[in-house]
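Q: This is my_file.cif, which holds mmCIF, C-alpha atoms:
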data_target
loop_
_atom_site.label_atom_id
_atom_site.label_comp_id
_atom_site.auth_asym_id
_atom_site.auth_seq_id
_atom_site.Cartn_x
_atom_site.Cartn_y
_atom_site.Cartn_z
CA MET A 247 0.00 0.00 0.00
CA CYS A 248 1.09 3.57 -0.47
CA LEU A 249 -0.10 4.06 3.08
CA ALA A 250 1.79 2.93 6.12
CA ILE A 251 -0.26 1.97 9.18
CA PRO A 252 -0.54 4.42 12.09
CA ALA A 253 0.48 3.10 15.51
CA LYS A 254 1.14 4.50 18.96
CA ILE A 255 4.33 3.77 20.88
CA ILE A 256 3.46 2.34 24.28
CA GLU A 257 6.85 1.04 25.47
CA GLN A 258 10.33 2.07 24.49
CA PRO A 259 13.09 0.22 26.34
CA GLU A 260 16.31 2.20 26.75
CA ASN A 261 19.00 1.65 24.15
CA SER A 262 16.84 -0.76 22.21
CA PRO A 263 16.04 -0.52 18.50
CA VAL A 264 12.67 -2.15 19.22
CA ALA A 265 9.56 -0.50 20.64
CA ILE A 266 6.17 -1.92 21.53
CA VAL A 267 3.35 -0.21 19.67
CA ASP A 268 -0.40 -0.44 19.61
CA ILE A 269 -1.33 -1.00 15.98
CA LEU A 270 -4.96 -1.65 15.10
CA GLY A 271 -5.66 -2.64 18.71
CA VAL A 272 -2.88 -5.24 18.83
CA GLN A 273 0.51 -4.87 20.50
CA ARG A 274 3.45 -5.54 18.23
CA GLN A 275 7.18 -5.09 18.24
CA VAL A 276 8.40 -2.51 15.78
CA ASN A 277 11.94 -1.51 14.90
CA VAL A 278 12.46 2.22 15.47
CA MET A 279 15.88 2.74 13.95
CA MET A 280 14.46 5.02 11.25
CA VAL A 281 12.79 7.35 13.75
CA PRO A 282 15.53 8.35 16.18
CA GLY A 283 14.09 10.58 18.88
CA SER A 284 10.74 8.78 18.94
CA LYS A 285 9.30 8.19 22.41
CA VAL A 286 6.39 6.68 24.29
CA GLY A 287 3.15 8.40 23.32
CA ASP A 288 4.32 9.29 19.81
CA HIS A 289 2.27 8.24 16.80
CA VAL A 290 4.28 6.63 14.04
CA LEU A 291 3.62 5.17 10.60
CA VAL A 292 4.59 1.51 10.42
CA HIS A 293 5.61 -0.47 7.36
CA ALA A 294 6.98 -4.02 7.28
CA GLY A 295 7.76 -4.05 10.99
CA PHE A 296 9.55 -0.67 10.99
CA ALA A 297 8.41 2.76 12.10
CA ILE A 298 9.19 5.10 9.20
CA GLU A 299 7.84 8.48 10.33
CA ILE A 300 6.61 10.26 13.46
CA VAL A 301 3.26 11.93 12.80
CA SER A 302 0.68 13.98 14.66
CA GLU A 303 -2.27 12.26 16.33
CA GLU A 304 -4.60 14.01 13.87
CA PHE A 305 -2.71 12.75 10.87
CA ALA A 306 -2.66 9.24 12.34
CA ALA A 307 -6.45 9.36 12.76
CA GLU A 308 -6.98 10.65 9.20
CA THR A 309 -4.74 7.95 7.77
CA MET A 310 -6.64 5.30 9.76
CA GLU A 311 -9.90 6.44 8.16
CA ILE A 312 -8.45 6.03 4.69
CA ILE A 313 -7.06 2.59 5.49
CA LYS A 314 -10.42 1.45 6.80
CA GLU A 315 -12.04 2.80 3.66
CA TYR A 316 -9.87 0.71 1.35
CA GLY A 317 -9.38 -2.32 3.55
CA ILE A 318 -6.96 -3.12 6.29
CA PRO A 319 -4.01 -5.06 4.81
CA THR A 320 -4.49 -8.77 5.43
CA GLU A 321 -1.22 -9.19 7.31
CA TYR A 322 -2.84 -7.34 10.21
CA GLU A 323 -5.79 -9.66 10.31
CA GLU A 324 -3.76 -12.71 11.26
CA VAL A 325 -1.66 -12.50 14.37
CA GLU A 326 0.28 -15.73 13.68
CA VAL A 327 3.96 -15.16 13.10
CA GLU A 328 5.66 -17.60 10.69
CA GLY A 329 8.98 -17.39 12.54
CA ALA A 330 7.45 -18.90 15.67
CA GLU A 331 6.48 -22.13 13.94
CA ALA A 332 8.60 -25.25 14.21
CA SER A 333 9.94 -26.04 10.72
CA MET B 280 -22.46 14.80 -10.56
CA ASN B 281 -24.67 14.81 -7.46
CA ASP B 282 -24.62 11.03 -7.24
CA VAL B 283 -20.86 10.98 -7.21
CA LEU B 284 -20.59 13.77 -4.65
CA SER B 285 -23.20 12.48 -2.25
CA GLY B 286 -20.70 10.11 -0.62
CA PHE B 287 -18.01 12.72 -0.14
CA ARG B 288 -17.24 14.24 3.21
CA ASP B 289 -17.37 17.76 1.76
CA PRO B 290 -19.63 17.68 -1.29
CA GLU B 291 -19.73 21.47 -1.60
CA VAL B 292 -15.95 21.74 -1.55
CA ALA B 293 -15.75 18.98 -4.13
CA ARG B 294 -18.35 20.66 -6.32
CA HIS B 295 -16.41 23.92 -6.23
CA ILE B 296 -13.14 22.21 -7.19
CA ILE B 297 -14.85 20.37 -10.05
CA GLU B 298 -16.31 23.61 -11.38
CA GLU B 299 -12.92 25.29 -11.26
CA LEU B 300 -11.36 22.27 -12.94
CA HIS B 301 -13.83 22.47 -15.80
CA ARG B 302 -13.00 26.14 -16.15
CA VAL B 303 -9.19 25.78 -16.35
CA ALA B 304 -8.83 22.46 -18.18
CA VAL B 305 -9.22 23.89 -21.66
CA GLN B 306 -6.53 21.78 -23.32
CA PRO B 307 -6.67 17.97 -23.46
CA CYS B 308 -4.29 16.38 -21.02
CA LYS B 309 -3.40 12.98 -19.61
CA LEU B 310 -2.66 12.85 -15.91
CA MET B 311 -1.14 9.78 -14.35
CA GLU B 312 -1.30 8.54 -10.79
CA VAL B 313 1.37 6.11 -9.64
CA CYS B 314 0.06 4.78 -6.37
CA GLY B 315 -2.39 1.95 -5.73
CA THR B 316 -4.26 3.96 -3.11
CA HIS B 317 -4.89 6.75 -5.62
CA THR B 318 -6.10 4.16 -8.14
CA MET B 319 -8.58 2.90 -5.57
CA ALA B 320 -9.66 6.42 -4.60
CA ILE B 321 -10.39 7.27 -8.23
CA ALA B 322 -12.17 3.99 -8.95
CA LYS B 323 -14.19 3.83 -5.77
CA ASN B 324 -15.37 7.42 -5.85
CA GLY B 325 -16.22 7.51 -9.53
CA LEU B 326 -13.87 10.43 -10.10
CA ARG B 327 -13.54 9.70 -13.81
CA ASP B 328 -17.22 10.56 -14.16
CA VAL B 329 -16.77 14.12 -12.93
CA MET B 330 -13.73 14.95 -15.04
CA PRO B 331 -14.06 17.38 -17.94
CA ASP B 332 -13.74 15.68 -21.33
CA THR B 333 -10.31 17.23 -21.70
CA VAL B 334 -8.84 15.42 -18.70
CA LYS B 335 -7.93 11.77 -19.00
CA LEU B 336 -6.81 9.97 -15.83
CA LEU B 337 -4.29 7.19 -16.32
CA SER B 338 -3.07 4.59 -13.85
CA GLY B 339 0.65 4.03 -13.83
CA PRO B 340 3.23 1.66 -12.38
CA GLY B 341 2.38 2.29 -8.75
CA CYS B 342 2.23 -1.29 -7.61
CA PRO B 343 5.69 -2.77 -6.98
CA VAL B 344 4.32 -6.29 -7.14
CA CYS B 345 2.67 -5.60 -10.51
CA VAL B 346 5.82 -4.16 -12.08
CA THR B 347 7.93 -7.16 -11.11
CA ALA B 348 8.76 -8.86 -14.40
CA ASN B 349 8.05 -12.53 -15.10
CA ALA B 350 11.79 -13.22 -15.32
CA GLU B 351 12.19 -11.88 -11.78
CA ILE B 352 9.36 -13.97 -10.37
CA ASP B 353 10.85 -16.97 -12.15
CA LEU B 354 14.20 -16.24 -10.45
CA ALA B 355 12.52 -16.12 -7.04
CA ILE B 356 10.78 -19.41 -7.73
CA GLU B 357 13.95 -21.07 -9.01
CA THR B 358 15.84 -19.84 -5.93
CA GLY B 359 13.14 -21.37 -3.72
CA ARG B 360 13.55 -24.68 -5.54
CA GLN B 361 17.23 -24.99 -4.64
CA PRO B 362 17.89 -27.72 -2.05
CA GLY B 363 17.91 -26.58 1.56
CA VAL B 364 16.37 -23.17 0.84
CA ILE B 365 13.52 -21.64 2.84
CA LEU B 366 12.08 -18.78 0.78
CA THR B 367 10.51 -16.00 2.85
CA THR B 368 8.39 -13.28 1.30
CA PHE B 369 5.81 -10.58 1.88
CA GLY B 370 2.34 -12.04 1.50
CA ASP B 371 1.34 -10.03 -1.54
CA MET B 372 3.88 -11.85 -3.76
CA MET B 373 2.40 -15.28 -3.16
CA LYS B 374 -0.24 -15.44 -5.86
CA VAL B 375 1.53 -13.41 -8.52
CA PRO B 376 2.00 -15.56 -11.61
CA GLY B 377 5.42 -15.94 -13.19
CA SER B 378 6.03 -17.62 -16.53
CA TYR B 379 5.20 -21.10 -15.29
CA SER B 380 4.29 -21.04 -11.61
CA SER B 381 3.72 -18.83 -8.55
CA LEU B 382 5.04 -18.90 -5.00
CA ALA B 383 1.64 -20.11 -3.79
CA ARG B 384 1.76 -23.00 -6.27
CA GLU B 385 5.33 -23.81 -5.17
CA LYS B 386 4.19 -23.93 -1.56
CA ALA B 387 1.24 -26.13 -2.46
CA ASP B 388 3.72 -28.43 -4.21
CA GLY B 389 5.67 -28.82 -0.99
CA ARG B 390 8.40 -26.17 -1.31
CA ASP B 391 9.27 -24.34 1.90
CA VAL B 392 7.86 -20.88 1.18
CA ARG B 393 6.83 -18.75 4.16
CA ILE B 394 5.06 -15.43 4.46
CA VAL B 395 6.64 -12.90 6.82
CA TYR B 396 5.23 -9.59 7.95
CA SER B 397 8.65 -8.01 8.38
CA PRO B 398 11.97 -8.90 6.73
CA LEU B 399 13.38 -9.07 10.27
CA ASP B 400 11.23 -12.15 10.87
CA SER B 401 13.23 -14.01 8.22
CA LEU B 402 16.39 -13.53 10.31
CA ASP B 403 14.69 -15.34 13.20
CA ILE B 404 13.72 -18.18 10.85
CA ALA B 405 17.37 -18.46 9.81
CA GLU B 406 18.48 -18.66 13.44
CA LYS B 407 15.91 -21.38 14.15
CA ASN B 408 16.89 -23.40 11.07
CA PRO B 409 20.71 -23.51 11.06
CA ASP B 410 20.82 -26.39 8.57
CA LYS B 411 18.82 -24.45 5.96
CA HIS B 412 19.55 -21.33 3.94
CA VAL B 413 16.87 -18.69 4.31
CA VAL B 414 16.33 -16.28 1.43
CA PHE B 415 14.24 -13.15 1.88
CA LEU B 416 12.53 -11.91 -1.28
CA GLY B 417 12.76 -8.12 -1.33
CA VAL B 418 10.08 -6.47 -3.47
CA GLY B 419 8.98 -2.87 -3.12
CA PHE B 420 9.89 0.72 -3.87
CA GLU B 421 11.64 3.27 -1.70
CA THR B 422 9.28 2.81 1.25
CA THR B 423 10.21 -0.86 1.62
CA ALA B 424 13.85 -0.81 0.53
CA PRO B 425 15.14 0.77 3.77
CA THR B 426 13.47 -1.95 5.84
CA VAL B 427 15.37 -4.55 3.84
CA ALA B 428 18.59 -2.53 3.99
CA LEU B 429 18.35 -2.40 7.79
CA THR B 430 17.62 -6.12 7.85
CA ILE B 431 20.75 -6.83 5.80
CA ARG B 432 22.73 -4.69 8.23
CA GLU B 433 21.22 -6.61 11.14
CA ALA B 434 22.11 -9.94 9.49
CA ALA B 435 25.70 -8.74 9.26
CA ARG B 436 25.63 -7.57 12.87
CA ARG B 437 24.40 -10.99 14.01
CA GLY B 438 26.98 -12.72 11.79
CA LEU B 439 24.30 -14.89 10.16
CA GLU B 440 25.81 -17.48 7.83
CA ASN B 441 22.59 -18.96 6.48
CA TRP B 442 20.62 -15.93 5.31
CA SER B 443 20.58 -13.78 2.20
CA ALA B 444 18.29 -11.32 0.43
CA LEU B 445 17.10 -11.50 -3.17
CA SER B 446 16.61 -7.87 -4.10
CA LEU B 447 14.00 -7.10 -6.71
CA HIS B 448 13.65 -3.55 -5.35
CA LYS B 449 12.99 -0.75 -7.76
CA THR B 450 13.08 3.03 -7.51
CA VAL B 451 10.30 5.19 -8.86
CA PRO B 452 11.69 8.52 -10.13
CA ALA B 453 13.72 6.97 -12.96
CA ALA B 454 10.74 4.86 -13.99
CA LEU B 455 8.64 8.00 -14.28
CA GLU B 456 11.38 9.44 -16.47
CA ALA B 457 11.11 6.41 -18.75
CA LEU B 458 7.36 6.93 -19.01
CA VAL B 459 7.82 10.59 -19.86
CA ASN B 460 10.16 9.48 -22.67
CA ASP B 461 7.75 6.80 -23.90
CA PRO B 462 6.23 8.00 -27.20
CA ASP B 463 3.17 5.78 -26.76
CA VAL B 464 2.11 7.42 -23.55
CA GLN B 465 2.52 11.23 -23.49
CA ILE B 466 1.84 12.10 -19.89
CA ASN B 467 1.14 15.73 -19.14
CA GLY B 468 1.19 15.58 -15.34
CA PHE B 469 1.77 13.27 -12.38
CA ILE B 470 -0.34 12.80 -9.29
CA LEU B 471 2.27 11.75 -6.72
CA PRO B 472 1.48 10.04 -3.43
CA GLY B 473 2.13 11.90 -0.18
CA HIS B 474 3.68 8.99 1.65
CA VAL B 475 6.33 8.33 -0.95
CA SER B 476 8.07 11.50 0.12
CA THR B 477 8.26 10.17 3.65
CA ILE B 478 11.41 8.37 2.64
CA ILE B 479 13.06 10.15 -0.27
CA GLY B 480 11.52 13.59 0.06
CA VAL B 481 10.44 15.79 -2.80
CA GLU B 482 13.82 16.53 -4.43
CA PRO B 483 14.14 13.31 -6.48
CA TYR B 484 10.98 14.28 -8.38
CA ARG B 485 11.96 17.84 -9.22
CA PHE B 486 13.71 16.85 -12.44
CA LEU B 487 10.35 15.83 -13.94
CA ALA B 488 9.18 19.41 -13.69
CA GLU B 489 12.49 21.20 -14.20
CA GLU B 490 14.04 19.09 -16.96
CA TYR B 491 10.99 17.64 -18.65
CA GLY B 492 8.43 20.34 -17.97
CA VAL B 493 5.95 17.87 -16.49
CA PRO B 494 3.85 19.27 -13.62
CA CYS B 495 3.62 17.17 -10.47
CA VAL B 496 1.37 17.50 -7.43
CA ILE B 497 1.86 15.54 -4.23
CA THR B 498 -1.71 14.62 -3.40
CA GLY B 499 -3.66 13.17 -0.49
CA PHE B 500 -5.99 10.20 -0.62
CA GLU B 501 -9.45 11.48 0.22
CA PRO B 502 -11.56 12.00 -2.93
CA VAL B 503 -11.54 15.75 -2.33
CA ASP B 504 -7.74 15.63 -2.06
CA VAL B 505 -7.49 13.81 -5.38
CA LEU B 506 -9.77 16.37 -7.04
CA GLN B 507 -7.59 19.12 -5.59
CA GLY B 508 -4.47 17.46 -7.00
CA VAL B 509 -6.02 17.12 -10.45
CA TYR B 510 -7.15 20.74 -10.36
CA MET B 511 -3.67 21.95 -9.42
CA LEU B 512 -2.14 19.98 -12.31
CA ALA B 513 -4.66 21.43 -14.76
CA LYS B 514 -3.95 24.91 -13.41
CA GLN B 515 -0.18 24.45 -13.90
CA LEU B 516 -0.81 23.35 -17.47
CA ALA B 517 -3.12 26.30 -18.13
CA ASP B 518 -0.53 28.69 -16.62
CA ARG B 519 2.27 26.97 -18.57
CA ARG B 520 4.07 26.26 -15.31
CA ALA B 521 5.84 23.05 -14.36
CA GLU B 522 6.58 22.58 -10.68
CA VAL B 523 6.40 19.96 -7.98
CA GLU B 524 3.61 21.32 -5.81
CA ILE B 525 2.60 19.89 -2.49
CA ALA B 526 -1.16 19.75 -2.02
CA TYR B 527 -0.95 17.52 0.98
CA LYS B 528 1.26 19.60 3.24
CA ARG B 529 0.56 17.95 6.53
CA ALA B 530 1.71 14.54 5.30
CA VAL B 531 4.80 15.48 3.46
CA MET B 532 8.34 15.62 4.75
CA PRO B 533 9.96 17.48 1.87
CA GLU B 534 13.42 16.46 3.04
CA GLY B 535 12.45 12.81 3.47
CA ASN B 536 13.84 10.50 6.15
CA PRO B 537 17.63 10.79 6.36
CA SER B 538 18.09 7.55 8.37
CA ALA B 539 16.13 5.60 5.78
CA VAL B 540 17.97 7.14 2.84
CA ALA B 541 21.32 6.50 4.55
CA ALA B 542 20.39 2.84 5.06
CA ILE B 543 19.49 2.40 1.40
CA GLU B 544 22.70 4.09 0.25
CA GLU B 545 24.88 2.09 2.60
CA VAL B 546 23.60 -1.29 1.50
CA PHE B 547 22.42 -0.84 -2.09
CA GLU B 548 23.65 0.75 -5.27
CA PRO B 549 21.69 1.51 -8.45
CA GLY B 550 21.54 -1.34 -10.95
CA ASP B 551 19.43 -2.35 -13.92
CA ALA B 552 15.91 -3.58 -13.32
CA GLU B 553 13.30 -5.05 -15.59
CA TRP B 554 9.84 -3.47 -15.31
CA ARG B 555 6.83 -5.39 -16.56
CA GLY B 556 5.57 -3.75 -19.71
CA ILE B 557 8.45 -1.30 -19.93
CA GLY B 558 11.55 -3.49 -20.09
CA VAL B 559 14.92 -2.86 -18.51
CA ILE B 560 15.40 0.66 -17.17
CA PRO B 561 19.05 1.25 -16.23
CA GLY B 562 19.71 2.45 -12.71
CA THR B 563 16.22 1.78 -11.37
CA GLY B 564 17.01 -1.38 -9.46
CA LEU B 565 18.68 -1.67 -6.09
CA THR B 566 21.58 -4.13 -6.08
CA LEU B 567 23.48 -5.13 -2.95
CA ARG B 568 26.89 -3.50 -2.76
CA GLU B 569 30.01 -5.67 -2.97
CA GLU B 570 30.69 -5.40 0.76
CA PHE B 571 27.33 -7.09 1.40
CA ALA B 572 27.89 -9.85 -1.19
CA HIS B 573 27.67 -12.41 1.62
CA TYR B 574 24.00 -11.46 2.03
CA ASP B 575 23.16 -11.33 -1.65
CA ALA B 576 21.04 -14.32 -2.61
CA ARG B 577 22.04 -13.94 -6.26
CA LYS B 578 25.56 -14.90 -5.13
CA ARG B 579 24.76 -17.26 -2.24
CA VAL B 580 22.10 -19.25 -4.14
CA PRO B 581 23.01 -18.86 -7.81
CA CYS B 582 20.60 -20.57 -10.17
CA THR B 583 19.27 -20.25 -13.69
CA PRO B 584 15.53 -20.01 -14.21
CA PRO B 585 13.99 -21.25 -17.47
CA GLU B 586 13.42 -18.81 -20.34
CA PRO B 587 10.66 -16.38 -19.35
CA ARG B 588 7.49 -16.16 -21.35
CA GLU B 589 4.58 -13.74 -21.28
CA ILE B 590 1.05 -14.90 -20.54
CA LYS B 591 -0.94 -14.95 -23.75
CA GLY B 592 -3.44 -12.12 -23.91
CA CYS B 593 -2.28 -10.48 -20.70
CA GLN B 594 -2.06 -6.72 -21.08
CA CYS B 595 -0.66 -5.90 -17.63
CA GLY B 596 2.36 -4.29 -19.23
CA ASP B 597 0.21 -1.84 -21.19
CA VAL B 598 -1.98 -1.15 -18.16
CA LEU B 599 1.11 -0.31 -16.09
CA ARG B 600 2.35 2.14 -18.71
CA GLY B 601 -1.00 3.89 -18.91
CA VAL B 602 -1.48 2.89 -22.55
CA VAL B 603 -4.54 0.81 -21.73
CA LEU B 604 -7.02 1.45 -18.92
CA PRO B 605 -7.73 -1.63 -16.79
CA PHE B 606 -11.24 -2.09 -18.12
CA GLU B 607 -9.95 -1.75 -21.69
CA CYS B 608 -7.91 -4.95 -21.34
CA LYS B 609 -9.54 -7.68 -23.37
CA LEU B 610 -9.32 -10.12 -20.50
CA PHE B 611 -10.72 -7.78 -17.84
CA GLY B 612 -13.73 -9.49 -16.29
CA LYS B 613 -13.60 -12.19 -18.96
CA GLY B 614 -11.11 -14.82 -17.97
CA CYS B 615 -9.25 -12.47 -15.63
CA THR B 616 -10.95 -11.76 -12.31
CA PRO B 617 -9.71 -11.58 -8.72
CA GLU B 618 -10.82 -15.20 -8.23
CA HIS B 619 -9.01 -16.36 -11.38
CA PRO B 620 -6.34 -13.75 -12.08
CA ILE B 621 -4.19 -13.99 -15.18
CA GLY B 622 -1.75 -11.19 -14.46
CA PRO B 623 -0.44 -9.32 -11.40
CA CYS B 624 -2.57 -6.20 -11.90
CA MET B 625 -5.61 -8.26 -10.95
CA VAL B 626 -3.88 -10.30 -8.24
CA SER B 627 -2.27 -7.59 -6.21
CA SER B 628 -4.22 -5.63 -3.64
CA GLU B 629 -2.59 -2.50 -5.07
CA GLY B 630 -3.15 -3.48 -8.69
CA SER B 631 -5.11 -1.17 -10.98
CA CYS B 632 -7.27 -3.97 -12.36
CA ALA B 633 -8.13 -5.27 -8.91
CA ALA B 634 -9.20 -1.75 -7.91
CA TYR B 635 -11.41 -1.28 -10.96
CA TYR B 636 -12.96 -4.73 -10.64
CA ARG B 637 -13.70 -4.20 -6.99
CA TYR B 638 -15.04 -0.67 -7.08
CA THR B 639 -16.72 -0.27 -10.45
CA ASP B 640 -19.17 -2.17 -12.61
CA TYR B 641 -16.87 -2.41 -15.61
CA GLY B 642 -16.46 -5.94 -16.85
CA LYS B 643 -19.41 -7.34 -14.93
CA ALA B 644 -22.43 -8.76 -16.71
#
Would you mind writing the file's structure down as structure tokens?
A:
Amino acid sequence: MCLAIPAKIIEQPENSPVAIVDILGVQRQVNVMMVPGSKVGDHVLVHAGFAIEIVSEEFAAETMEIIKEYGIPTEYEEVEVEGAEAS
Amino acid sequence: MNDVLSGFRDPEVARHIIEELHRVAVQPCKLMEVCGTHTMAIAKNGLRDVMPDTVKLLSGPGCPVCVTANAEIDLAIETGRQPGVILTTFGDMMKVPGSYSSLAREKADGRDVRIVYSPLDSLDIAEKNPDKHVVFLGVGFETTAPTVALTIREAARRGLENWSALSLHKTVPAALEALVNDPDVQINGFILPGHVSTIIGVEPYRFLAEEYGVPCVITGFEPVDVLQGVYMLAKQLADRRAEVEIAYKRAVMPEGNPSAVAAIEEVFEPGDAEWRGIGVIPGTGLTLREEFAHYDARKRVPCTPPEPREIKGCQCGDVLRGVVLPFECKLFGKGCTPEHPIGPCMVSSEGSCAAYYRYTDYGKA
């Protein structure tokens, strides 16, 4: 999609490239190396497991409306993670 | 017009923009959007129906899955067939047909093909499967490329011996240049997506206006935003201006994301890439640099796919260039539907044909 998914940072361990975000009501790990200076409470756009931009809450809400309009990408509908399966 | 506007959030604003558009769009022009979300916005909201006769809206190569050439899909499939390989990929590549097969078909036939949400997940799969070689299939434009670049860096940091990336990444500005130079197409203006500038900023698109005289407007995704973008393009043409204007100010980071750009530049260098329907465009692919050769699947899992072939009757290439509108393809709705897709434009969630099939009545009995 041309749109990345808005999410809110809820935990940001010190010195870690990984944050916990709330994205579409689910908590996920997201890599924050592309948004240095991001902190808990910030809204970010997420793509392929990475936060790519810090945005305002308003912009996050607007973007959410558009995503709902055109369909939430299917990868957010299933919470299963392939890497966790035994081979 | 009232039917079309009744679903809009601001019908009066939309009506005003449409009236102004009719007033300024005196000369015929072809305006191209290059983003799947814009394709959907135009299809779903019936925006073609409110255009003046002089304005023709074209869909362009905005879907990275759709522009992946058959030869490239064949290479991914052949790589996945090599002994001991686990092929990991974003989900939207699974059903895309290559010359002879698709990743979904390979998986159904027993090959180890796994969908990952993030390229980082493929590193974990490599760590859990030390006796296999995990290949991550990298497809996408500049928004996705930095995520793969950072993953390659992370693989190097972890010292992974059994992981590599097959880069099919492409960059958009040079592809737009090729379209501008394509005599069959003759584009007079580009509707650019706001989020694309999140990564690379606005600068890489300036040459379209400054060297080629093609107006560009960075446009939002609400129907009123799209109308605004179209109006601003028509106004530039009427004024004989050519600029990159930003209609969607609150979304756009004109300077882009320096960390993301730095990651791409550290790991990748420009190489040739083959675009479906267009052919090879030099410098539009992202190839892993020599210092990352250890993580380049083309080197770690070399293989030779069979000769590529095009699917008979499929006009995806022409759709992607804007030469044919989705519903003008002879197979659209007859033989090619989302349930039984023939080409990637119908398969992909960002594909132009999928958007038109889903949101309009074209092609349905």
Q: Using only C-alpha atoms, pick whichever of A:Tyr316, A:Ile251, A:Val267, A:Thr309 has the shortest atom-to-atom distance to A:Gly287.
A: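 Closest to A:Gly287, using only C-alpha atoms: A:Val267.
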Q: What is the atom CA of B:Ser381-atom CA of B:Leu565 distance in Å, reported with one decimal?
A: 22.9 Å
Q: Take the PyMOL selection byres ((chain A and resi 259) around 12), apply it to the structure above, and return the hits as a PyMOL selection string.
A: chain A and resi 255-258+260-267+275-278+284-286
Q: State, in Å with one decimal place, the distance from atom CA of B:Pro462 to atom CA of B:Pro331.
A: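 Distance reported for this atom pair: 24.2 Å.
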Q: So that each row is one residue of chain B with an atom at most 6 Å from chain A, can you give its shortest atom pair and the distance in Å to one decimal, using all atoms listed in the file, rows by chain and rising number, as CSV?
A:
residue,atom,partner,partner_atom,distance
B:Thr316,CA,A:Cys248,CA,6.0
B:Tyr396,CA,A:Ala294,CA,5.9
B:Ser397,CA,A:Ala294,CA,4.5
B:Asp400,CA,A:Gly329,CA,5.9
B:Ile404,CA,A:Gly329,CA,5.1
B:Ser538,CA,A:Met280,CA,5.3
B:Ala539,CA,A:Met280,CA,5.7
Q: Please indicate the distance in Å from atom CA of B:Ile431 to atom CA of B:Ser446, rounded to one decimal place.
A: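 Atom CA of B:Ile431 sits 10.8 Å away from atom CA of B:Ser446.
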Q: Can you tell me, as a list in words, what residues are no more than 9 Å from B:Ala576 when counting only C-alpha atoms, ignoring any on the same chain fewer than 5 positions away?
A: Thr358, Val414, Phe415, Leu416, Trp442, Ser443, Ala444, Leu445, Ser446 and Pro581 of chain B
Q: Which residues match the PyMOL selection byres ((chain B and resi 504) around 12) in the file above, as an NGL selection string?
A: (:A and (312)) or (:B and (287-289 or 292-293 or 296-297 or 317 or 320-321 or 324 or 326 or 470-473 or 496-503 or 505-511 or 525-528))
Q: With distances taken over only C-alpha atoms, which of B:Ala454, B:Ile621, B:Val540, B:Cys314 is nearest to B:Gly377?
A: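 For B:Gly377, the nearest of the candidates is B:Ile621.
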Q: So, with all atoms listed in the file as the atoms that count, which of B:Gly341, B:Gly359, B:Gly614, B:Pro623 lies closest to B:Pro584?
A: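 Checking each of B:Gly341, B:Gly359, B:Gly614, B:Pro623 against B:Pro584, counting all atoms listed in the file, the winner is B:Gly359.
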Q: Take the PyMOL selection byres ((chain B and resi 588) around 10), run it mentally on this structure, and tell me the resulting residues as a PDB file with C-alpha atoms, in the frame of the given file.
A:
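Okay, this is what ended up in selection37.pdb:
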ATOM      1  CA  ASN B 349       8.050 -12.530 -15.100  1.00  0.00           C
ATOM      2  CA  ALA B 350      11.790 -13.220 -15.320  1.00  0.00           C
ATOM      3  CA  ASP B 353      10.850 -16.970 -12.150  1.00  0.00           C
ATOM      4  CA  GLY B 377       5.420 -15.940 -13.190  1.00  0.00           C
ATOM      5  CA  SER B 378       6.030 -17.620 -16.530  1.00  0.00           C
ATOM      6  CA  TYR B 379       5.200 -21.100 -15.290  1.00  0.00           C
ATOM      7  CA  PRO B 585      13.990 -21.250 -17.470  1.00  0.00           C
ATOM      8  CA  GLU B 586      13.420 -18.810 -20.340  1.00  0.00           C
ATOM      9  CA  PRO B 587      10.660 -16.380 -19.350  1.00  0.00           C
ATOM     10  CA  GLU B 589       4.580 -13.740 -21.280  1.00  0.00           C
ATOM     11  CA  ILE B 590       1.050 -14.900 -20.540  1.00  0.00           C
ATOM     12  CA  LYS B 591      -0.940 -14.950 -23.750  1.00  0.00           C
TER      13      LYS B 591
END
Q: Please return the centre and edge lengths, in Å to one decimal, of a box with edges along x, y and z that contains all listed atoms of stretch 278-286 of chain A, widened by 8 Å on every side, as lines of an AutoDock Vina configuration file.
A:
center_x = 11.1
center_y = 6.4
center_z = 17.8
size_x = 25.5
size_y = 24.4
size_z = 29.0
Q: Excluding B:Ala304 and any residue of its chain fewer than 2 positions from it, enumerate the residues within 7 Å of it, using all atoms listed in the file, and give them as a PyMOL selection string.
A: chain B and resi 300-302+306+333+513+517
Q: Write a file of the just-selected residues containing C-alpha atoms, as an mmCIF file, in the frame of the given file.
A:
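The new file out_19.cif reads:
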data_model
loop_
_atom_site.group_PDB
_atom_site.id
_atom_site.type_symbol
_atom_site.label_atom_id
_atom_site.label_comp_id
_atom_site.auth_asym_id
_atom_site.auth_seq_id
_atom_site.Cartn_x
_atom_site.Cartn_y
_atom_site.Cartn_z
ATOM 1 C CA LEU B 300 -11.360 22.270 -12.940
ATOM 2 C CA HIS B 301 -13.830 22.470 -15.800
ATOM 3 C CA ARG B 302 -13.000 26.140 -16.150
ATOM 4 C CA GLN B 306 -6.530 21.780 -23.320
ATOM 5 C CA THR B 333 -10.310 17.230 -21.700
ATOM 6 C CA ALA B 513 -4.660 21.430 -14.760
ATOM 7 C CA ALA B 517 -3.120 26.300 -18.130
#
Q: From the list B:Leu399, B:Ala355, B:Leu458, B:Val481, which residue is nearest B:Gly535 when using all atoms listed in the file?
A: B:Val481
Q: Just want the 12 Å neighbourhood of B:Phe611, counted on all atoms listed in the file, with same-chain residues fewer than 2 positions away dropped. Output as a PyMOL selection string.
A: chain B and resi 592-595+598+603-609+613-617+619-622+624-625+631-637+640-644
